[in-house]
Amino acid sequence: MKRILAAVGCVCVLLMSGCGDSPRSRQTVALDTSCAVTIYDGEDALLDECMAHLRAREALWSKTVATSDIATLNKSGTAVVDDDTAALLIAAKSFSETTDGAFDITTASLVTLWDNAEKEGVIPDKEAIAAALACVGGDNMIVDGNAVTLLDGAEVDLGGIAKGAIADELAAMLKDGGCESALIDLGGNIVALGDKHGEPFHIGIADPQNSDKLALTIAVSDKAVVTSGSYERGYDIDGTHYSHIIDPQTGYPVKNDLLSVTIVCPSATTADALSTACFVKGYKGAKALLSHYPEAEAVFILSDSTIETTKGIDVV
Ligand code: ADP
Ligand code: MG
């Protein structure tokens with residue numbers, strides 16, 4: 001059996017050779033991360049469509065593309081956005097409600113503040129954190145049809161949900177195009193579409209303390225697998241490690257008993273938002289949150305290196 005370590009990021013995909021169509025892949029860098037799509041059946045043209053869709057979504061949803069819906073909204077505080085942007089903003093707002101604000105796209109002001117801290121190597125002062133915190137809150141974004149308004153100086157950042165949403169869109173496009181077996185990996189936001197020649201896909205979850213190694217491998221079919229953790233995109237200032245995920249309640253990067261959370265569920269959008277929210281909440285809070293999402297299974301890697309899985313996780 002041939003094993004190819006395929007994807008980068010927090011999660012990697014173990015592709016094993018088998019009978020039937022041989023896999024075909026396309027890779028690119030988009031949305032500030034490595035993206036790969038592999039199909040096991042269907043036409044090659046589907047891969048081109050996926051790559052084009054990634055580019056189109058980056059143009060619409062990246063906060064660093066000046067003409068995107070998100071950059072326009074953040075700049076003016078109000079904008080008329082694309083139907084799909086409005087739908088994603090509404091979904092994001094609803095996750096802010098169901099996660100008690102642990103996942104909140106208006107955390108953007110704090111994200112910008114801490115991104116600058118990373119660049120300059122100096123942590124923000126308390127006043128700057130308090131000022132950014134004052135802009136955060138799900139109620140600060142009003143979506144009325146395609147018209148979006150941000151209140152109290154709020155900004156939005158789709159970094160915690162867009163890759164999951166786009167992975168769901170790519171899976172739907174592939175399915176509509178007649179593909180029944182594929183792997184989509186947008187920087188560790190994975191969708192395993194169908195299965196592979198009748199067997200589940202094997203997805204490796206990285207060891208947060210040594211991302212060259214796997215902590216465990218799980219078997220999934222027709223599911224999204226999304227990981228949030230502090231190790232992959234975290235940074236150090238004066239010998240202290242900081243996460244790129246911010247606790248919207250304190251204004252500081254998350255530091256708790258979790259090193260990573262992986263969510264396995266049918267929707268990659270849900271898995272993306274929940275993995276971020278669970279990481280913010282810590283192990284106990286995450287378990288309580290997930291009790292409201294019976295379709296979601298989870299793998300927790302705790303700071304003492306222990307691994308906890310919910311009962312529907314199929315460890316290989
Ligand atoms: P990754 O993007 O590394 O896969 P996540 O899905 O957890 O990881 O998203 C982290 C990104 O989401 C950050 O880089 C930032 O843009 C944004 N973000 C940070 N904290 C929060 C939060 N509490 N709620 C929503 N988005 C957040
Ligand atoms: Mg996320």
# chains A, B, ... in the order shown; residues from 1 in each chain; ligands from 1

$ residues_near_ligand --ligand "ligand 2" --cutoff "8 Å" --atoms "only C-alpha atoms and all ligand atoms" --output "number ranges by chain"
A: 159-161, 163-164, 226-228, 271-277

$ residues_around --residues "Leu73 of chain A" --least-positions-apart "6" --cutoff "8 Å" --atoms "only C-alpha atoms" --output "PyMOL selection string"
chain A and resi 79+148-150+155

$ write_last_selection --atoms "all heavy atoms" --output "PDB file, in the first residue's frame"
ATOM      1  N   ALA A  79     -22.206  48.631   3.218  1.00  0.00           N
ATOM      2  CA  ALA A  79     -21.994  48.214   1.826  1.00  0.00           C
ATOM      3  C   ALA A  79     -23.165  47.360   1.364  1.00  0.00           C
ATOM      4  O   ALA A  79     -23.853  46.732   2.181  1.00  0.00           O
ATOM      5  CB  ALA A  79     -20.699  47.413   1.699  1.00  0.00           C
ATOM      6  N   VAL A 148     -25.464  45.777   4.321  1.00  0.00           N
ATOM      7  CA  VAL A 148     -24.827  45.429   5.597  1.00  0.00           C
ATOM      8  C   VAL A 148     -24.302  46.711   6.243  1.00  0.00           C
ATOM      9  O   VAL A 148     -23.710  47.562   5.574  1.00  0.00           O
ATOM     10  CB  VAL A 148     -23.651  44.443   5.386  1.00  0.00           C
ATOM     11  CG1 VAL A 148     -23.084  43.987   6.723  1.00  0.00           C
ATOM     12  CG2 VAL A 148     -24.104  43.243   4.570  1.00  0.00           C
ATOM     13  N   THR A 149     -24.544  46.836   7.546  1.00  0.00           N
ATOM     14  CA  THR A 149     -24.066  48.014   8.274  1.00  0.00           C
ATOM     15  C   THR A 149     -23.297  47.547   9.503  1.00  0.00           C
ATOM     16  O   THR A 149     -23.728  46.628  10.201  1.00  0.00           O
ATOM     17  CB  THR A 149     -25.269  48.888   8.737  1.00  0.00           C
ATOM     18  OG1 THR A 149     -26.079  49.151   7.597  1.00  0.00           O
ATOM     19  CG2 THR A 149     -24.799  50.194   9.336  1.00  0.00           C
ATOM     20  N   LEU A 150     -22.165  48.177   9.734  1.00  0.00           N
ATOM     21  CA  LEU A 150     -21.367  47.872  10.923  1.00  0.00           C
ATOM     22  C   LEU A 150     -21.493  49.054  11.884  1.00  0.00           C
ATOM     23  O   LEU A 150     -21.346  50.210  11.474  1.00  0.00           O
ATOM     24  CB  LEU A 150     -19.898  47.649  10.545  1.00  0.00           C
ATOM     25  CG  LEU A 150     -19.629  46.492   9.574  1.00  0.00           C
ATOM     26  CD1 LEU A 150     -18.158  46.444   9.178  1.00  0.00           C
ATOM     27  CD2 LEU A 150     -20.044  45.166  10.212  1.00  0.00           C
ATOM     28  N   GLU A 155     -15.444  45.981  12.649  1.00  0.00           N
ATOM     29  CA  GLU A 155     -14.980  45.444  11.364  1.00  0.00           C
ATOM     30  C   GLU A 155     -15.260  43.945  11.374  1.00  0.00           C
ATOM     31  O   GLU A 155     -15.515  43.376  12.436  1.00  0.00           O
ATOM     32  CB  GLU A 155     -13.479  45.692  11.188  1.00  0.00           C
ATOM     33  CG  GLU A 155     -13.165  47.167  11.019  1.00  0.00           C
ATOM     34  CD  GLU A 155     -11.712  47.427  10.699  1.00  0.00           C
ATOM     35  OE1 GLU A 155     -10.970  46.468  10.432  1.00  0.00           O
ATOM     36  OE2 GLU A 155     -11.337  48.603  10.745  1.00  0.00           O
TER      37      GLU A 155
END

$ closest_residue --among "A:Ile142, A:Leu31, A:Cys179, A:Ile245" --to "Ala92 of chain A" --atoms "only C-alpha atoms"
A:Ile142

$ residues_around --residues "segment 296-305 of chain A" --least-positions-apart "2" --cutoff "7 Å" --atoms "only C-alpha atoms" --output "PyMOL selection string"
chain A and resi 257-265+290+293-294+307-310+312-313

$ closest_residue --among "A:Gly145, A:Pro23, A:Gly229, A:Gly282" --to "ligand 1" --atoms "only C-alpha atoms and all ligand atoms"
A:Gly229

$ select_by_dssp --residues "segment 124-202 of chain A" --states "alpha helix (DSSP H)" --output "list in words"
Lys126, Glu127, Ala128, Ile129, Ala130, Ala131, Ala132, Leu133, Ala162, Lys163, Gly164, Ala165, Ile166, Ala167, Asp168, Glu169, Leu170, Ala171, Ala172, Met173, Leu174, Lys175 and Asp176 of chain A

$ write_last_selection --atoms "N, CA, C and O atoms" --output "CSV table (one decimal), in the first residue's frame"
chain,number,residue,atom,x,y,z
A,126,LYS,N,-2.9,48.0,27.2
A,126,LYS,CA,-4.3,47.7,27.6
A,126,LYS,C,-5.3,48.6,27.0
A,126,LYS,O,-6.5,48.2,26.7
A,127,GLU,N,-5.0,49.9,26.8
A,127,GLU,CA,-5.9,50.9,26.3
A,127,GLU,C,-6.3,50.5,24.8
A,127,GLU,O,-7.5,50.6,24.5
A,128,ALA,N,-5.3,50.1,24.1
A,128,ALA,CA,-5.6,49.7,22.7
A,128,ALA,C,-6.5,48.5,22.6
A,128,ALA,O,-7.4,48.4,21.8
A,129,ILE,N,-6.2,47.5,23.5
A,129,ILE,CA,-7.1,46.3,23.6
A,129,ILE,C,-8.5,46.7,24.0
A,129,ILE,O,-9.5,46.2,23.4
A,130,ALA,N,-8.6,47.6,25.0
A,130,ALA,CA,-10.0,48.0,25.4
A,130,ALA,C,-10.7,48.7,24.3
A,130,ALA,O,-11.9,48.5,24.1
A,131,ALA,N,-10.0,49.5,23.5
A,131,ALA,CA,-10.6,50.3,22.4
A,131,ALA,C,-11.1,49.3,21.3
A,131,ALA,O,-12.2,49.4,20.8
A,132,ALA,N,-10.3,48.3,21.0
A,132,ALA,CA,-10.7,47.3,20.0
A,132,ALA,C,-11.8,46.4,20.5
A,132,ALA,O,-12.8,46.1,19.8
A,133,LEU,N,-11.8,46.1,21.8
A,133,LEU,CA,-12.8,45.3,22.4
A,133,LEU,C,-14.2,45.9,22.3
A,133,LEU,O,-15.2,45.3,22.1
A,162,ALA,N,-14.6,31.3,6.4
A,162,ALA,CA,-14.7,31.3,4.9
A,162,ALA,C,-14.1,30.0,4.3
A,162,ALA,O,-14.7,29.5,3.4
A,163,LYS,N,-13.0,29.5,4.8
A,163,LYS,CA,-12.4,28.3,4.2
A,163,LYS,C,-13.4,27.1,4.3
A,163,LYS,O,-13.5,26.3,3.4
A,164,GLY,N,-14.1,27.0,5.5
A,164,GLY,CA,-15.1,26.0,5.6
A,164,GLY,C,-16.2,26.2,4.6
A,164,GLY,O,-16.7,25.2,3.9
A,165,ALA,N,-16.7,27.4,4.5
A,165,ALA,CA,-17.8,27.7,3.6
A,165,ALA,C,-17.5,27.4,2.2
A,165,ALA,O,-18.2,26.8,1.4
A,166,ILE,N,-16.2,27.8,1.8
A,166,ILE,CA,-15.8,27.5,0.4
A,166,ILE,C,-15.6,26.0,0.2
A,166,ILE,O,-16.0,25.5,-0.9
A,167,ALA,N,-15.1,25.3,1.2
A,167,ALA,CA,-15.0,23.9,1.0
A,167,ALA,C,-16.3,23.2,0.8
A,167,ALA,O,-16.5,22.3,-0.1
A,168,ASP,N,-17.4,23.7,1.5
A,168,ASP,CA,-18.7,23.2,1.2
A,168,ASP,C,-19.2,23.5,-0.2
A,168,ASP,O,-19.8,22.6,-0.8
A,169,GLU,N,-18.9,24.7,-0.6
A,169,GLU,CA,-19.3,25.1,-2.0
A,169,GLU,C,-18.6,24.2,-3.1
A,169,GLU,O,-19.2,23.8,-4.0
A,170,LEU,N,-17.3,24.0,-2.8
A,170,LEU,CA,-16.5,23.1,-3.8
A,170,LEU,C,-17.1,21.7,-3.8
A,170,LEU,O,-17.3,21.1,-4.9
A,171,ALA,N,-17.4,21.2,-2.6
A,171,ALA,CA,-18.0,19.8,-2.6
A,171,ALA,C,-19.3,19.8,-3.3
A,171,ALA,O,-19.6,18.8,-4.1
A,172,ALA,N,-20.2,20.8,-3.2
A,172,ALA,CA,-21.5,20.9,-3.9
A,172,ALA,C,-21.2,21.0,-5.4
A,172,ALA,O,-21.9,20.3,-6.2
A,173,MET,N,-20.2,21.8,-5.8
A,173,MET,CA,-19.9,21.9,-7.2
A,173,MET,C,-19.5,20.6,-7.8
A,173,MET,O,-19.9,20.2,-8.9
A,174,LEU,N,-18.6,19.9,-7.1
A,174,LEU,CA,-18.1,18.6,-7.6
A,174,LEU,C,-19.3,17.6,-7.7
A,174,LEU,O,-19.4,16.9,-8.7
A,175,LYS,N,-20.1,17.5,-6.7
A,175,LYS,CA,-21.2,16.6,-6.7
A,175,LYS,C,-22.2,16.9,-7.9
A,175,LYS,O,-22.6,16.0,-8.6
A,176,ASP,N,-22.5,18.2,-8.0
A,176,ASP,CA,-23.4,18.6,-9.1
A,176,ASP,C,-22.8,18.2,-10.5
A,176,ASP,O,-23.5,17.9,-11.4

$ residues_around --residues "Asp69 of chain A" --least-positions-apart "6" --cutoff "7 Å" --atoms "only C-alpha atoms" --output "PyMOL selection string"
chain A and resi 60-61+81

$ write_last_selection --atoms "C-alpha atoms" --output "short mmCIF file (atom, residue, chain, number, x, y, z; two decimals), in the first residue's frame"
data_model
loop_
_atom_site.label_atom_id
_atom_site.label_comp_id
_atom_site.auth_asym_id
_atom_site.auth_seq_id
_atom_site.Cartn_x
_atom_site.Cartn_y
_atom_site.Cartn_z
CA LEU A 60 -15.07 38.58 -2.77
CA TRP A 61 -14.23 37.55 0.80
CA VAL A 81 -22.85 42.98 -0.81
#

$ select_by_dssp --residues "segment 20-220 of chain A" --states "strand (DSSP E or B)" --output "MDAnalysis selection string"
chainID A and resid 24:30 33:39 78:80 141:144 147:150 182:186 189:193 196 199 201:207 210:220

$ atom_distance --atom1 "atom CA of Ser230 of chain A" --atom2 "atom CA of Ala36 of chain A"
22.2 Å

$ closest_residue --among "A:Lys213, A:Arg24, A:Lys255, A:Ser96" --to "Gly42 of chain A" --atoms "only C-alpha atoms"
A:Arg24

$ closest_residue --among "A:Ala182, A:Leu46, A:Met141, A:Ile105" --to "ligand 1" --atoms "only C-alpha atoms and all ligand atoms"
A:Ile105

$ closest_residue --among "A:Asp185, A:Glu43, A:Glu199, A:Asp157" --to "Phe103 of chain A" --atoms "only C-alpha atoms"
A:Asp157

$ residues_around --residues "segment 215-221 of chain A" --least-positions-apart "4" --cutoff "9 Å" --atoms "only C-alpha atoms" --output "PyMOL selection string"
chain A and resi 13-14+192-196+199-208+210-211+225+264+301+307+313-316

$ residues_around --residues "Gly239 of chain A" --least-positions-apart "3" --cutoff "12 Å" --atoms "only C-alpha atoms" --output "list in words"
Gly121, Val122, Ile123, Tyr235, Asp236 and Tyr242 of chain A

$ decode --residues "segment 285-297 of chain A" --atoms "all heavy atoms" --output "compact mmCIF listing (two decimals), in the first residue's frame"
# COMPACT_ATOMS: atom_id res chain seq x y z
N GLY A 285 -15.78 23.94 28.24
CA GLY A 285 -16.75 24.78 27.54
C GLY A 285 -17.06 24.22 26.15
O GLY A 285 -18.20 24.29 25.67
N ALA A 286 -16.03 23.66 25.52
CA ALA A 286 -16.22 23.09 24.18
C ALA A 286 -17.16 21.89 24.24
O ALA A 286 -18.06 21.75 23.41
CB ALA A 286 -14.87 22.69 23.60
N LYS A 287 -16.97 21.04 25.24
CA LYS A 287 -17.85 19.87 25.39
C LYS A 287 -19.30 20.32 25.60
O LYS A 287 -20.22 19.74 25.03
CB LYS A 287 -17.41 19.02 26.59
CG LYS A 287 -16.05 18.37 26.42
CD LYS A 287 -16.13 17.06 25.71
CE LYS A 287 -16.57 15.97 26.67
NZ LYS A 287 -16.50 14.65 26.00
N ALA A 288 -19.48 21.36 26.40
CA ALA A 288 -20.83 21.87 26.65
C ALA A 288 -21.43 22.43 25.36
O ALA A 288 -22.59 22.17 25.04
CB ALA A 288 -20.79 22.94 27.75
N LEU A 289 -20.62 23.17 24.61
CA LEU A 289 -21.11 23.73 23.34
C LEU A 289 -21.51 22.62 22.38
O LEU A 289 -22.57 22.67 21.75
CB LEU A 289 -20.02 24.61 22.72
CG LEU A 289 -20.27 25.11 21.30
CD1 LEU A 289 -21.51 26.01 21.24
CD2 LEU A 289 -19.05 25.88 20.76
N LEU A 290 -20.68 21.59 22.28
CA LEU A 290 -20.94 20.52 21.32
C LEU A 290 -22.17 19.69 21.67
O LEU A 290 -22.74 19.02 20.82
CB LEU A 290 -19.71 19.62 21.16
CG LEU A 290 -18.51 20.30 20.47
CD1 LEU A 290 -17.34 19.34 20.38
CD2 LEU A 290 -18.88 20.83 19.10
N SER A 291 -22.61 19.76 22.93
CA SER A 291 -23.83 19.02 23.30
C SER A 291 -25.03 19.57 22.53
O SER A 291 -26.04 18.90 22.38
CB SER A 291 -24.06 19.07 24.81
OG SER A 291 -24.41 20.38 25.19
N HIS A 292 -24.91 20.80 22.01
CA HIS A 292 -26.00 21.38 21.20
C HIS A 292 -25.86 21.03 19.72
O HIS A 292 -26.68 21.44 18.90
CB HIS A 292 -26.02 22.90 21.35
CG HIS A 292 -26.21 23.35 22.76
ND1 HIS A 292 -27.39 23.18 23.44
CD2 HIS A 292 -25.36 23.92 23.65
CE1 HIS A 292 -27.27 23.63 24.67
NE2 HIS A 292 -26.04 24.09 24.82
N TYR A 293 -24.78 20.36 19.35
CA TYR A 293 -24.53 19.99 17.95
C TYR A 293 -24.33 18.48 17.85
O TYR A 293 -23.20 18.00 17.74
CB TYR A 293 -23.28 20.73 17.41
CG TYR A 293 -23.51 22.20 17.20
CD1 TYR A 293 -23.27 23.10 18.23
CD2 TYR A 293 -23.97 22.68 15.99
CE1 TYR A 293 -23.49 24.46 18.05
CE2 TYR A 293 -24.20 24.04 15.80
CZ TYR A 293 -23.95 24.92 16.83
OH TYR A 293 -24.18 26.26 16.64
N PRO A 294 -25.45 17.71 17.93
CA PRO A 294 -25.31 16.25 17.94
C PRO A 294 -24.65 15.70 16.69
O PRO A 294 -24.11 14.58 16.71
CB PRO A 294 -26.76 15.76 18.06
CG PRO A 294 -27.63 16.93 17.74
CD PRO A 294 -26.85 18.16 18.04
N GLU A 295 -24.67 16.46 15.59
CA GLU A 295 -24.05 15.97 14.35
C GLU A 295 -22.53 16.14 14.36
O GLU A 295 -21.85 15.65 13.46
CB GLU A 295 -24.66 16.67 13.13
CG GLU A 295 -24.19 18.09 12.84
CD GLU A 295 -24.87 19.20 13.67
OE1 GLU A 295 -25.37 18.90 14.78
OE2 GLU A 295 -24.86 20.36 13.21
N ALA A 296 -22.01 16.83 15.38
CA ALA A 296 -20.57 17.13 15.40
C ALA A 296 -19.82 16.19 16.34
O ALA A 296 -20.19 16.01 17.49
CB ALA A 296 -20.34 18.58 15.82
N GLU A 297 -18.75 15.59 15.83
CA GLU A 297 -17.83 14.79 16.65
C GLU A 297 -16.54 15.61 16.79
O GLU A 297 -16.31 16.54 16.01
CB GLU A 297 -17.51 13.46 15.96
CG GLU A 297 -18.73 12.59 15.68
CD GLU A 297 -19.37 12.01 16.94
OE1 GLU A 297 -18.68 11.94 17.98
OE2 GLU A 297 -20.55 11.62 16.88
